[in-house]
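Participant: Structure in structure tokens, see below.
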Amino acid sequence: MPLSTSSNFARPDDAFRAIVEAHRGFTEEQSADFDSALVLILANHIGDIDVLREAIGLAKRRMIDGQQQQQQQQQQ
């Protein structure tokens, strides 16, 4: 199964809102713990190590790209 990077939600804003709302009231540490638990639950649901590895690589690239953009904005 290839990694799907397009939205599979009929209402993607609702999915985003649900994740944001789930963090409400958490400390930064609790929020990080929640994210870790959610990632492990969803990774298990996927159940495909190749897809998981592809998703990990994509997430790392997005973080690096985001950090580089932030650094460029700070230099301007």
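Identifiers for the structure tokens are assigned positionally: chains receive A, B, ... in sequence, residues are indexed from 1 per chain, and ligands are indexed from 1 in the order shown.
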As a VMD selection string, please: every residue in chain A that DSSP puts in helix (DSSP H, G or I).
Facilitator: chain A and resid 12 to 22 28 to 46 49 to 75
Participant: Do a neighbour search on region 36-39 of chain A at 12 Å with only C-alpha atoms, toss out local chain neighbours closer than 4 positions, and write the hits as a list in words.
Facilitator: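 After dropping sequence-adjacent residues, the list is Ile19, Ala22, His23, Glu29, Gln30, Ser31, Ala32, Ala43, Asn44, His45, Ile46, Leu52, Ala55, Ile56 and Ala59 of chain A.
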Participant: Just give me the gap between CA of Leu3 (chain A) and CA of Arg53 (chain A) in Å, one decimal is fine.
Facilitator: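 If I compute the distance from CA of Leu3 (chain A) to CA of Arg53 (chain A), I get 9.6 Å.
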